[in-house]
>>> print(open('entry-v4.pdb').read())   # PDB, C-alpha atoms
ATOM      1  CA  MET A 230     116.629  70.247  90.054
ATOM      2  CA  ILE A 231     115.555  70.368  93.727
ATOM      3  CA  ALA A 232     111.827  70.221  94.534
ATOM      4  CA  PRO A 233     110.425  72.995  96.753
ATOM      5  CA  ILE A 234     110.513  72.334 100.486
ATOM      6  CA  ARG A 235     106.898  72.316 101.547
ATOM      7  CA  PRO A 236     105.535  71.981 105.062
ATOM      8  CA  ARG A 237     104.221  68.483 105.614
ATOM      9  CA  ALA A 238     100.644  69.737 106.093
ATOM     10  CA  ALA A 239     100.643  71.464 102.690
ATOM     11  CA  THR A 240     101.976  68.348 100.961
ATOM     12  CA  VAL A 241      99.499  65.996 102.627
ATOM     13  CA  LEU A 242      96.481  68.277 102.025
ATOM     14  CA  SER A 243      97.440  68.813  98.371
ATOM     15  CA  VAL A 244      97.773  65.095  97.699
ATOM     16  CA  ILE A 245      94.492  64.327  99.497
ATOM     17  CA  TRP A 246      92.712  66.881  97.291
ATOM     18  CA  LEU A 247      94.424  65.622  94.136
ATOM     19  CA  TYR A 248      92.539  62.367  94.801
ATOM     20  CA  LEU A 249      89.384  63.797  96.350
ATOM     21  CA  GLY A 250      88.935  66.628  93.816
ATOM     22  CA  PRO A 251      88.620  64.660  90.564
ATOM     23  CA  SER A 252      86.408  61.988  92.192
ATOM     24  CA  SER A 253      84.176  64.669  93.740
ATOM     25  CA  ALA A 254      83.917  66.531  90.421
ATOM     26  CA  LEU A 255      83.212  63.335  88.506
ATOM     27  CA  GLY A 256      80.556  62.234  91.027
ATOM     28  CA  GLY A 257      78.978  65.696  90.923
ATOM     29  CA  ILE A 258      78.821  65.738  87.118
ATOM     30  CA  ALA A 259      77.310  62.231  87.067
ATOM     31  CA  GLY A 260      74.767  63.329  89.699
ATOM     32  CA  LEU A 261      73.855  66.465  87.751
ATOM     33  CA  ALA A 262      73.336  64.426  84.576
ATOM     34  CA  GLY A 263      71.216  61.910  86.525
ATOM     35  CA  GLY A 264      69.211  64.762  88.077
ATOM     36  CA  ALA A 265      68.579  66.266  84.630
ATOM     37  CA  ALA A 266      67.356  62.883  83.413
ATOM     38  CA  VAL A 267      65.011  62.494  86.421
ATOM     39  CA  LEU A 268      63.714  66.058  85.976
ATOM     40  CA  SER A 269      62.872  65.281  82.352
ATOM     41  CA  LEU A 270      60.715  62.384  83.667
ATOM     42  CA  LEU A 271      58.425  64.678  85.632
ATOM     43  CA  PRO A 272      55.139  65.559  83.927
ATOM     44  CA  ASP A 273      55.296  69.206  85.065
ATOM     45  CA  PRO A 274      58.891  70.222  85.905
ATOM     46  CA  GLY A 275      57.812  73.835  86.480
ATOM     47  CA  ASN A 276      55.655  72.751  89.420
ATOM     48  CA  VAL A 277      58.407  70.933  91.333
ATOM     49  CA  GLU A 278      58.701  71.727  95.036
ATOM     50  CA  ALA A 279      61.628  74.023  95.844
ATOM     51  CA  PRO A 280      63.619  71.570  98.084
ATOM     52  CA  PHE A 281      63.886  69.231  95.096
ATOM     53  CA  PHE A 282      66.360  71.652  93.555
ATOM     54  CA  GLY A 283      68.528  71.391  96.649
ATOM     55  CA  LEU A 284      69.800  68.020  95.489
ATOM     56  CA  PRO A 285      71.156  69.303  92.132
ATOM     57  CA  ALA A 286      72.647  72.187  94.156
ATOM     58  CA  CYS A 287      74.507  69.583  96.251
ATOM     59  CA  PHE A 288      75.853  67.919  93.103
ATOM     60  CA  LEU A 289      76.842  71.340  91.787
ATOM     61  CA  GLY A 290      78.627  72.042  95.085
ATOM     62  CA  ALA A 291      80.503  68.746  94.813
ATOM     63  CA  THR A 292      81.517  69.568  91.227
ATOM     64  CA  VAL A 293      82.663  73.102  92.069
ATOM     65  CA  SER A 294      84.555  72.044  95.201
ATOM     66  CA  GLY A 295      86.170  69.200  93.234
ATOM     67  CA  VAL A 296      87.353  71.471  90.430
ATOM     68  CA  LEU A 297      88.565  74.207  92.792
ATOM     69  CA  GLY A 298      90.196  71.645  95.077
ATOM     70  CA  THR A 299      92.099  69.998  92.237
ATOM     71  CA  ALA A 300      93.300  73.337  90.857
ATOM     72  CA  GLY A 301      94.193  74.576  94.353
ATOM     73  CA  ALA A 302      96.061  71.387  95.244
ATOM     74  CA  TRP A 303      98.087  71.595  92.043
ATOM     75  CA  LYS A 304      99.003  75.211  92.774
ATOM     76  CA  LEU A 305      99.709  74.563  96.461
ATOM     77  CA  LEU A 306     102.230  71.883  95.469
ATOM     78  CA  ALA A 307     104.155  74.760  93.891
ATOM     79  CA  LEU A 308     103.600  76.774  97.120
ATOM     80  CA  THR A 309     101.532  79.616  95.672
ATOM     81  CA  HIS A 310      99.187  81.828  97.656
ATOM     82  CA  ARG A 311      96.421  81.274  95.101
ATOM     83  CA  GLY A 312      96.646  77.509  95.621
ATOM     84  CA  ARG A 313      96.240  77.874  99.391
ATOM     85  CA  ALA A 314      93.259  80.212  98.963
ATOM     86  CA  LEU A 315      91.551  77.974  96.372
ATOM     87  CA  LEU A 316      92.012  74.869  98.491
ATOM     88  CA  GLU A 317      90.596  76.603 101.544
ATOM     89  CA  LEU A 318      87.577  77.731  99.511
ATOM     90  CA  ALA A 319      87.076  74.177  98.200
ATOM     91  CA  ASN A 320      87.029  72.876 101.777
ATOM     92  CA  TRP A 321      84.429  75.435 102.843
ATOM     93  CA  ILE A 322      82.276  74.651  99.783
ATOM     94  CA  ALA A 323      82.471  70.950 100.694
ATOM     95  CA  VAL A 324      81.312  71.783 104.254
ATOM     96  CA  GLY A 325      78.468  73.912 102.831
ATOM     97  CA  THR A 326      77.425  71.117 100.464
ATOM     98  CA  ILE A 327      77.287  68.594 103.314
ATOM     99  CA  ALA A 328      75.252  71.052 105.410
ATOM    100  CA  LEU A 329      72.826  71.709 102.526
ATOM    101  CA  PHE A 330      72.344  68.011 101.833
ATOM    102  CA  THR A 331      71.679  67.365 105.541
ATOM    103  CA  LEU A 332      69.189  70.238 105.679
ATOM    104  CA  ILE A 333      67.268  68.837 102.697
ATOM    105  CA  PHE A 334      67.272  65.354 104.214
ATOM    106  CA  VAL A 335      66.156  66.611 107.642
ATOM    107  CA  LEU A 336      63.394  68.718 106.047
ATOM    108  CA  GLY A 337      62.237  65.633 104.176
ATOM    109  CA  VAL A 338      62.128  63.204 107.106
ATOM    110  CA  ALA A 339      61.343  65.423 110.103
ATOM    111  CA  THR A 340      58.753  67.772 108.639
ATOM    112  CA  THR A 341      55.571  67.484 106.655
ATOM    113  CA  ILE A 342      53.391  69.945 104.763
ATOM    114  CA  GLU A 343      49.848  70.427 106.055
ATOM    115  CA  PRO A 344      46.916  70.779 103.662
ATOM    116  CA  PHE A 345      47.015  74.586 104.150
ATOM    117  CA  GLY A 346      50.658  74.699 103.084
ATOM    118  CA  HIS A 347      52.321  75.099 106.509
ATOM    119  CA  ARG A 348      55.406  72.979 107.224
ATOM    120  CA  VAL A 349      55.086  71.217 110.594
ATOM    121  CA  VAL A 350      57.449  69.011 112.595
ATOM    122  CA  ARG A 351      56.976  65.239 112.302
ATOM    123  CA  TRP A 352      58.283  63.793 115.563
ATOM    124  CA  GLU A 353      58.364  60.225 114.198
ATOM    125  CA  GLY A 354      61.128  61.190 111.796
ATOM    126  CA  MET A 355      63.187  63.041 114.391
ATOM    127  CA  ASP A 356      65.484  60.115 115.336
ATOM    128  CA  LEU A 357      66.415  59.639 111.682
ATOM    129  CA  ALA A 358      67.031  63.382 111.350
ATOM    130  CA  LEU A 359      69.289  63.422 114.411
ATOM    131  CA  ARG A 360      71.224  60.442 113.057
ATOM    132  CA  ALA A 361      71.642  62.253 109.712
ATOM    133  CA  ILE A 362      72.946  65.353 111.519
ATOM    134  CA  ALA A 363      75.475  63.223 113.436
ATOM    135  CA  ILE A 364      76.667  61.517 110.217
ATOM    136  CA  ALA A 365      76.957  64.884 108.465
ATOM    137  CA  ALA A 366      78.982  66.301 111.366
ATOM    138  CA  VAL A 367      81.392  63.360 111.152
ATOM    139  CA  HIS A 368      81.732  63.882 107.389
ATOM    140  CA  ALA A 369      82.230  67.646 107.690
ATOM    141  CA  VAL A 370      84.920  67.478 110.391
ATOM    142  CA  PRO A 371      87.804  66.427 108.061
ATOM    143  CA  PHE A 372      87.042  69.358 105.744
ATOM    144  CA  LEU A 373      86.907  71.772 108.678
ATOM    145  CA  VAL A 374      90.221  70.423 109.963
ATOM    146  CA  MET A 375      91.757  70.781 106.487
ATOM    147  CA  ALA A 376      90.483  74.375 106.148
ATOM    148  CA  ARG A 377      91.932  75.169 109.580
ATOM    149  CA  LYS A 378      95.291  73.525 108.747
ATOM    150  CA  LEU A 379      95.540  75.616 105.582
ATOM    151  CA  ARG A 380      95.327  78.718 107.784
ATOM    152  CA  ALA A 381      98.083  77.482 110.093
ATOM    153  CA  PRO A 382     101.110  79.825 110.340
ATOM    154  CA  VAL A 383     103.506  77.117 109.120
ATOM    155  CA  VAL A 384     101.651  76.845 105.783
ATOM    156  CA  ARG A 385     101.016  80.577 105.375
ATOM    157  CA  PHE A 386     104.615  81.523 106.150
ATOM    158  CA  ALA A 387     105.984  78.818 103.830
ATOM    159  CA  VAL A 388     103.805  80.125 100.994
ATOM    160  CA  ARG A 389     104.819  83.707 101.775
ATOM    161  CA  ASP A 390     108.530  82.794 101.816
ATOM    162  CA  ALA A 391     108.230  80.850  98.552
ATOM    163  CA  GLU A 392     106.462  83.792  96.878
ATOM    164  CA  ALA A 393     109.159  86.161  98.165
ATOM    165  CA  ARG A 394     111.938  83.902  96.885
ATOM    166  CA  ARG A 395     110.310  83.650  93.485
ATOM    167  CA  GLU A 396     109.946  87.419  93.325
ATOM    168  CA  ARG A 397     113.594  87.857  94.373
ATOM    169  CA  ALA A 398     114.734  85.352  91.745
ATOM    170  CA  LEU A 399     112.725  87.204  89.079
ATOM    171  CA  THR A 400     114.184  90.563  90.149
ATOM    172  CA  SER A 401     117.752  89.274  90.131
ATOM    173  CA  GLU A 402     117.230  87.694  86.690
ATOM    174  CA  SER A 403     115.951  90.949  85.206
TER     175      SER A 403
ATOM    176  CA  MET B  13     108.133  71.887  90.316
ATOM    177  CA  GLY B  14     110.928  74.361  90.202
ATOM    178  CA  ARG B  15     113.724  75.044  92.564
ATOM    179  CA  GLN B  16     112.655  77.454  95.292
ATOM    180  CA  GLY B  17     116.107  78.680  96.223
ATOM    181  CA  SER B  18     118.961  76.919  97.925
ATOM    182  CA  ALA B  19     120.598  76.941 101.287
ATOM    183  CA  GLY B  20     123.564  78.735  99.706
ATOM    184  CA  ASP B  21     121.505  81.897  99.189
ATOM    185  CA  GLY B  22     123.106  83.725 102.083
ATOM    186  CA  PRO B  23     126.552  85.324 101.858
ATOM    187  CA  SER B  24     128.270  82.468 103.726
ATOM    188  CA  GLY B  25     131.368  82.461 101.489
ATOM    189  CA  VAL B  26     132.477  79.021 102.722
ATOM    190  CA  LYS B  27     132.190  76.288 100.094
ATOM    191  CA  SER B  28     131.811  73.351 102.503
ATOM    192  CA  ASP B  29     128.966  75.135 104.288
ATOM    193  CA  MET B  30     127.229  75.613 100.956
ATOM    194  CA  GLU B  31     127.728  71.955 100.067
ATOM    195  CA  ASP B  32     126.347  70.894 103.469
ATOM    196  CA  GLY B  33     123.424  73.234 102.965
ATOM    197  CA  GLN B  34     122.719  71.832  99.530
ATOM    198  CA  ALA B  35     122.883  68.264 100.836
ATOM    199  CA  GLY B  36     120.475  69.215 103.619
ATOM    200  CA  GLN B  37     118.198  70.855 101.088
ATOM    201  CA  ARG B  38     118.309  67.729  98.935
ATOM    202  CA  ARG B  39     117.485  65.505 101.911
ATOM    203  CA  ALA B  40     114.609  67.805 102.923
ATOM    204  CA  ALA B  41     113.271  67.666  99.360
ATOM    205  CA  LEU B  42     113.458  63.872  99.482
ATOM    206  CA  HIS B  43     111.515  63.903 102.766
ATOM    207  CA  THR B  44     108.868  66.119 101.130
ATOM    208  CA  ARG B  45     108.556  63.736  98.186
ATOM    209  CA  ALA B  46     108.309  60.778 100.555
ATOM    210  CA  ASP B  47     105.507  62.560 102.469
ATOM    211  CA  ALA B  48     103.656  63.213  99.216
ATOM    212  CA  TRP B  49     103.901  59.645  97.917
ATOM    213  CA  ARG B  50     103.059  58.128 101.306
ATOM    214  CA  THR B  51      99.874  60.212 101.419
ATOM    215  CA  ALA B  52      99.137  59.195  97.825
ATOM    216  CA  ALA B  53      99.615  55.540  98.817
ATOM    217  CA  VAL B  54      97.083  55.913 101.652
ATOM    218  CA  MET B  55      94.576  57.531  99.253
ATOM    219  CA  THR B  56      95.231  54.791  96.674
ATOM    220  CA  CYS B  57      94.203  52.186  99.266
ATOM    221  CA  LEU B  58      90.645  53.589  99.026
ATOM    222  CA  LEU B  59      90.421  53.184  95.243
ATOM    223  CA  PRO B  60      88.759  50.106  93.744
ATOM    224  CA  PRO B  61      89.521  47.689  92.161
ATOM    225  CA  ILE B  62      93.244  47.058  92.923
ATOM    226  CA  GLY B  63      94.024  50.229  94.883
ATOM    227  CA  LEU B  64      94.159  48.411  98.213
ATOM    228  CA  VAL B  65      96.817  45.988  96.972
ATOM    229  CA  CYS B  66      98.883  48.658  95.176
ATOM    230  CA  GLY B  67      98.541  51.136  98.073
ATOM    231  CA  ALA B  68      99.513  48.547 100.688
ATOM    232  CA  LEU B  69     102.550  47.431  98.655
ATOM    233  CA  ALA B  70     103.540  51.078  98.118
ATOM    234  CA  LEU B  71     103.253  51.756 101.860
ATOM    235  CA  ILE B  72     105.483  48.743 102.537
ATOM    236  CA  ALA B  73     108.003  50.028  99.971
ATOM    237  CA  LEU B  74     107.936  53.538 101.480
ATOM    238  CA  ARG B  75     107.965  52.282 105.086
ATOM    239  CA  SER B  76     111.551  52.980 106.117
ATOM    240  CA  ILE B  77     112.360  55.741 103.659
ATOM    241  CA  ALA B  78     112.744  58.473 106.310
ATOM    242  CA  ALA B  79     115.259  56.365 108.245
ATOM    243  CA  LYS B  80     117.201  55.699 105.030
ATOM    244  CA  ILE B  81     117.364  59.425 104.223
ATOM    245  CA  ASP B  82     118.481  60.277 107.752
ATOM    246  CA  ARG B  83     121.206  57.606 107.654
ATOM    247  CA  GLY B  84     122.521  59.097 104.412
ATOM    248  CA  ARG B  85     121.467  56.148 102.212
ATOM    249  CA  GLU B  86     119.915  58.404  99.609
ATOM    250  CA  THR B  87     120.329  55.967  96.710
ATOM    251  CA  ASP B  88     118.339  53.304  98.581
ATOM    252  CA  ALA B  89     115.743  55.897  99.522
ATOM    253  CA  GLN B  90     115.373  57.019  95.909
ATOM    254  CA  ARG B  91     115.006  53.424  94.734
ATOM    255  CA  ALA B  92     112.262  52.811  97.319
ATOM    256  CA  LEU B  93     110.592  56.067  96.298
ATOM    257  CA  ARG B  94     110.592  55.031  92.632
ATOM    258  CA  LEU B  95     109.057  51.656  93.490
ATOM    259  CA  GLY B  96     106.391  53.240  95.712
ATOM    260  CA  ARG B  97     105.615  55.862  93.070
ATOM    261  CA  GLY B  98     105.181  53.200  90.376
ATOM    262  CA  LEU B  99     102.792  51.194  92.548
ATOM    263  CA  VAL B 100     100.779  54.286  93.487
ATOM    264  CA  LEU B 101     100.529  55.420  89.863
ATOM    265  CA  ALA B 102      99.432  51.941  88.736
ATOM    266  CA  GLY B 103      96.724  51.753  91.425
ATOM    267  CA  THR B 104      95.576  55.296  90.691
ATOM    268  CA  ALA B 105      95.425  54.710  86.934
ATOM    269  CA  PHE B 106      93.267  51.598  87.401
ATOM    270  CA  GLY B 107      91.121  53.430  89.967
ATOM    271  CA  ALA B 108      90.618  56.420  87.658
ATOM    272  CA  LEU B 109      89.655  54.158  84.780
ATOM    273  CA  PHE B 110      87.236  52.259  87.021
ATOM    274  CA  ALA B 111      85.630  55.508  88.296
ATOM    275  CA  LEU B 112      85.333  56.878  84.749
ATOM    276  CA  VAL B 113      83.628  53.712  83.528
ATOM    277  CA  ALA B 114      81.278  53.680  86.566
ATOM    278  CA  ALA B 115      80.301  57.343  86.083
ATOM    279  CA  THR B 116      79.714  56.875  82.345
ATOM    280  CA  ARG B 117      77.567  53.803  83.003
ATOM    281  CA  MET B 118      75.541  55.739  85.597
ATOM    282  CA  ILE B 119      74.901  58.631  83.201
ATOM    283  CA  LEU B 120      73.971  56.279  80.355
ATOM    284  CA  PHE B 121      71.676  54.302  82.688
ATOM    285  CA  SER B 122      69.925  57.510  83.856
ATOM    286  CA  PHE B 123      69.199  58.554  80.293
ATOM    287  CA  ARG B 124      68.209  55.034  79.234
ATOM    288  CA  ILE B 125      65.568  54.643  81.979
ATOM    289  CA  THR B 126      64.104  58.036  81.138
ATOM    290  CA  SER B 127      63.783  57.107  77.468
ATOM    291  CA  LEU B 128      61.869  53.951  78.495
ATOM    292  CA  GLN B 129      59.072  56.063  79.999
ATOM    293  CA  PRO B 130      55.860  56.530  78.001
TER     294      PRO B 130
END
>>> encode(input="entry-v4.pdb", output="structure tokens")
Amino acid sequence: MIAPIRPRAATVLSVIWLYLGPSSALGGIAGLAGGAAVLSLLPDPGNVEAPFFGLPACFLGATVSGVLGTAGAWKLLALTHRGRALLELANWIAVGTIALFTLIFVLGVATTIEPFGHRVVRWEGMDLALRAIAIAAVHAVPFLVMARKLRAPVVRFAVRDAEARRERALTSES
Amino acid sequence: MGRQGSAGDGPSGVKSDMEDGQAGQRRAALHTRADAWRTAAVMTCLLPPIGLVCGALALIALRSIAAKIDRGRETDAQRALRLGRGLVLAGTAFGALFALVAATRMILFSFRITSLQP
């Protein structure tokens, strides 16, 4: 039995996501459960400010990207088109989750709500907000690079060739 | 993982060419597996509690595998791959268990502190 010949990028990205996916999903589920517990603490959960729900959305994003990433990595190891597409989607969801978390954090530290309900900029918190944006950019770059690598011709053509070979093998068998 | 076709797919008709092609295919597959387990070893290094030790040892075991494959010492390469794989799997298993325990403790702690509230 000879294993499929994958491009190095596909192998490396799949293995990275086989580690990253389950830990991201597990962390997201733990965060969601913790968020539910904290929400049950509040005296009036119906009156919670909207940005509060951004945090559970981040945990949900981590869970979804983890599950999709794990499934995609498993399928990409077998060089399927679906695996490549799922893994790319997982990377973009991870980027979106990081962006959402940063937005919530920046809104929290760099803005304040006036008594009349308007949100205004708080310049004292701006340095912290800029630092958060820089950290988020550094964290998002690997996912952007991975999403870009998955679109590289070497990966797409390898997947296409593998699909074609499988189809040919099926046709010749029948 | 199934076989994705062999180098003897084309109508070459010469047996030695097919054998060479199959050997090349086998070596390429070994390179792919080495890539996969080397990446896994790097990821294992990040896993507590013993991932760093297992990952580092696996990286040492997998260090010269490409050179061994290229020199035709496939048996040595396969032995190194088996050793590296075992170390990676051990580190990953411990890491997974550790993460599972940590997540469960976090969930239980969240629910316990909420039940302490009046």
>>> closest_residue(input="entry-v4.pdb", among="B:Leu42, B:Ala79, B:Ala35, B:Ala48", to="Leu306 of chain A", atoms="all atoms listed in the file")
B:Ala48
>>> resolve_selection(input="entry-v4.pdb", expression="the PyMOL selection byres ((chain B) within 9 of (chain A))", output="VMD selection string")
chain B and resid 13 to 18 37 to 38 40 to 45 47 to 52 55 to 56 104 108 111 to 112 115 to 116 118 to 127 129
>>> resolve_selection(input="entry-v4.pdb", expression="the PyMOL selection byres ((chain A and resi 374-384) around 7)", output="list in words")
Pro236, Ala239, Leu242, Arg313, Glu317, Asn320, Trp321, Val370, Pro371, Phe372, Leu373, Arg385, Phe386, Ala387 and Val388 of chain A
>>> atom_distance(input="entry-v4.pdb", atom1="atom CA of Ala323 of chain A", atom2="atom CA of Val296 of chain A")
11.4 Å
>>> atom_distance(input="entry-v4.pdb", atom1="atom CA of Leu69 of chain B", atom2="atom CA of Leu109 of chain B")
20.1 Å
>>> closest_residue(input="entry-v4.pdb", among="B:Ala105, B:Leu58, B:Ile72, B:Ile77", to="Ala89 of chain B", atoms="only C-alpha atoms")
B:Ile77
>>> axis_aligned_box(input="entry-v4.pdb", around="segment 257-274 of chain A", padding_each_side="8 Å", output="JSON")
{"center_x": 67.1, "center_y": 66.1, "center_z": 86.6, "size_x": 39.8, "size_y": 24.3, "size_z": 24.6}
>>> residues_around(input="entry-v4.pdb", residues="Val338 of chain A", least_positions_apart="2", cutoff="12 Å", atoms="all atoms listed in the file", output="ChimeraX atom specification")
/A:331-336,340-342,348-362
>>> atom_distance(input="entry-v4.pdb", atom1="atom CA of Ile322 of chain A", atom2="atom CA of Gly250 of chain A")
12.0 Å
>>> residues_near_point(input="entry-v4.pdb", point="(94.0, 77.8, 95.9)", cutoff="10 Å", atoms="all atoms listed in the file", output="ChimeraX atom specification")
/A:243,297-305,308-319
>>> build_atoms(input="entry-v4.pdb", residues="segment 236-255 of chain A", atoms="N, CA and C atoms", output="mmCIF file, in the coordinates of the input")
data_model
loop_
_atom_site.group_PDB
_atom_site.id
_atom_site.type_symbol
_atom_site.label_atom_id
_atom_site.label_comp_id
_atom_site.auth_asym_id
_atom_site.auth_seq_id
_atom_site.Cartn_x
_atom_site.Cartn_y
_atom_site.Cartn_z
ATOM 1 N N PRO A 236 105.892 72.545 103.762
ATOM 2 C CA PRO A 236 105.535 71.981 105.062
ATOM 3 C C PRO A 236 104.742 70.700 104.840
ATOM 4 N N ARG A 237 104.868 69.781 105.776
ATOM 5 C CA ARG A 237 104.221 68.483 105.614
ATOM 6 C C ARG A 237 102.709 68.636 105.415
ATOM 7 N N ALA A 238 102.106 69.560 106.175
ATOM 8 C CA ALA A 238 100.644 69.737 106.093
ATOM 9 C C ALA A 238 100.225 70.111 104.676
ATOM 10 N N ALA A 239 100.993 71.022 104.046
ATOM 11 C CA ALA A 239 100.643 71.464 102.690
ATOM 12 C C ALA A 239 100.744 70.301 101.702
ATOM 13 N N THR A 240 101.797 69.499 101.859
ATOM 14 C CA THR A 240 101.976 68.348 100.961
ATOM 15 C C THR A 240 100.827 67.357 101.119
ATOM 16 N N VAL A 241 100.530 67.010 102.374
ATOM 17 C CA VAL A 241 99.499 65.996 102.627
ATOM 18 C C VAL A 241 98.134 66.489 102.134
ATOM 19 N N LEU A 242 97.794 67.748 102.444
ATOM 20 C CA LEU A 242 96.481 68.277 102.025
ATOM 21 C C LEU A 242 96.374 68.344 100.499
ATOM 22 N N SER A 243 97.458 68.736 99.841
ATOM 23 C CA SER A 243 97.440 68.813 98.371
ATOM 24 C C SER A 243 97.191 67.437 97.771
ATOM 25 N N VAL A 244 97.916 66.441 98.279
ATOM 26 C CA VAL A 244 97.773 65.095 97.699
ATOM 27 C C VAL A 244 96.373 64.540 97.976
ATOM 28 N N ILE A 245 95.861 64.783 99.184
ATOM 29 C CA ILE A 245 94.492 64.327 99.497
ATOM 30 C C ILE A 245 93.516 64.926 98.492
ATOM 31 N N TRP A 246 93.655 66.228 98.213
ATOM 32 C CA TRP A 246 92.712 66.881 97.291
ATOM 33 C C TRP A 246 92.959 66.498 95.837
ATOM 34 N N LEU A 247 94.188 66.089 95.510
ATOM 35 C CA LEU A 247 94.424 65.622 94.136
ATOM 36 C C LEU A 247 93.651 64.329 93.876
ATOM 37 N N TYR A 248 93.365 63.573 94.941
ATOM 38 C CA TYR A 248 92.539 62.367 94.801
ATOM 39 C C TYR A 248 91.059 62.707 94.953
ATOM 40 N N LEU A 249 90.776 63.496 96.006
ATOM 41 C CA LEU A 249 89.384 63.797 96.350
ATOM 42 C C LEU A 249 88.732 64.682 95.284
ATOM 43 N N GLY A 250 89.488 65.648 94.764
ATOM 44 C CA GLY A 250 88.935 66.628 93.816
ATOM 45 C C GLY A 250 88.360 65.998 92.556
ATOM 46 N N PRO A 251 89.164 65.245 91.796
ATOM 47 C CA PRO A 251 88.620 64.660 90.564
ATOM 48 C C PRO A 251 87.447 63.722 90.833
ATOM 49 N N SER A 252 87.519 62.917 91.931
ATOM 50 C CA SER A 252 86.408 61.988 92.192
ATOM 51 C C SER A 252 85.156 62.756 92.587
ATOM 52 N N SER A 253 85.325 63.852 93.344
ATOM 53 C CA SER A 253 84.176 64.669 93.740
ATOM 54 C C SER A 253 83.558 65.343 92.509
ATOM 55 N N ALA A 254 84.412 65.868 91.633
ATOM 56 C CA ALA A 254 83.917 66.531 90.421
ATOM 57 C C ALA A 254 83.201 65.534 89.509
ATOM 58 N N LEU A 255 83.800 64.370 89.375
ATOM 59 C CA LEU A 255 83.212 63.335 88.506
ATOM 60 C C LEU A 255 81.859 62.874 89.058
#
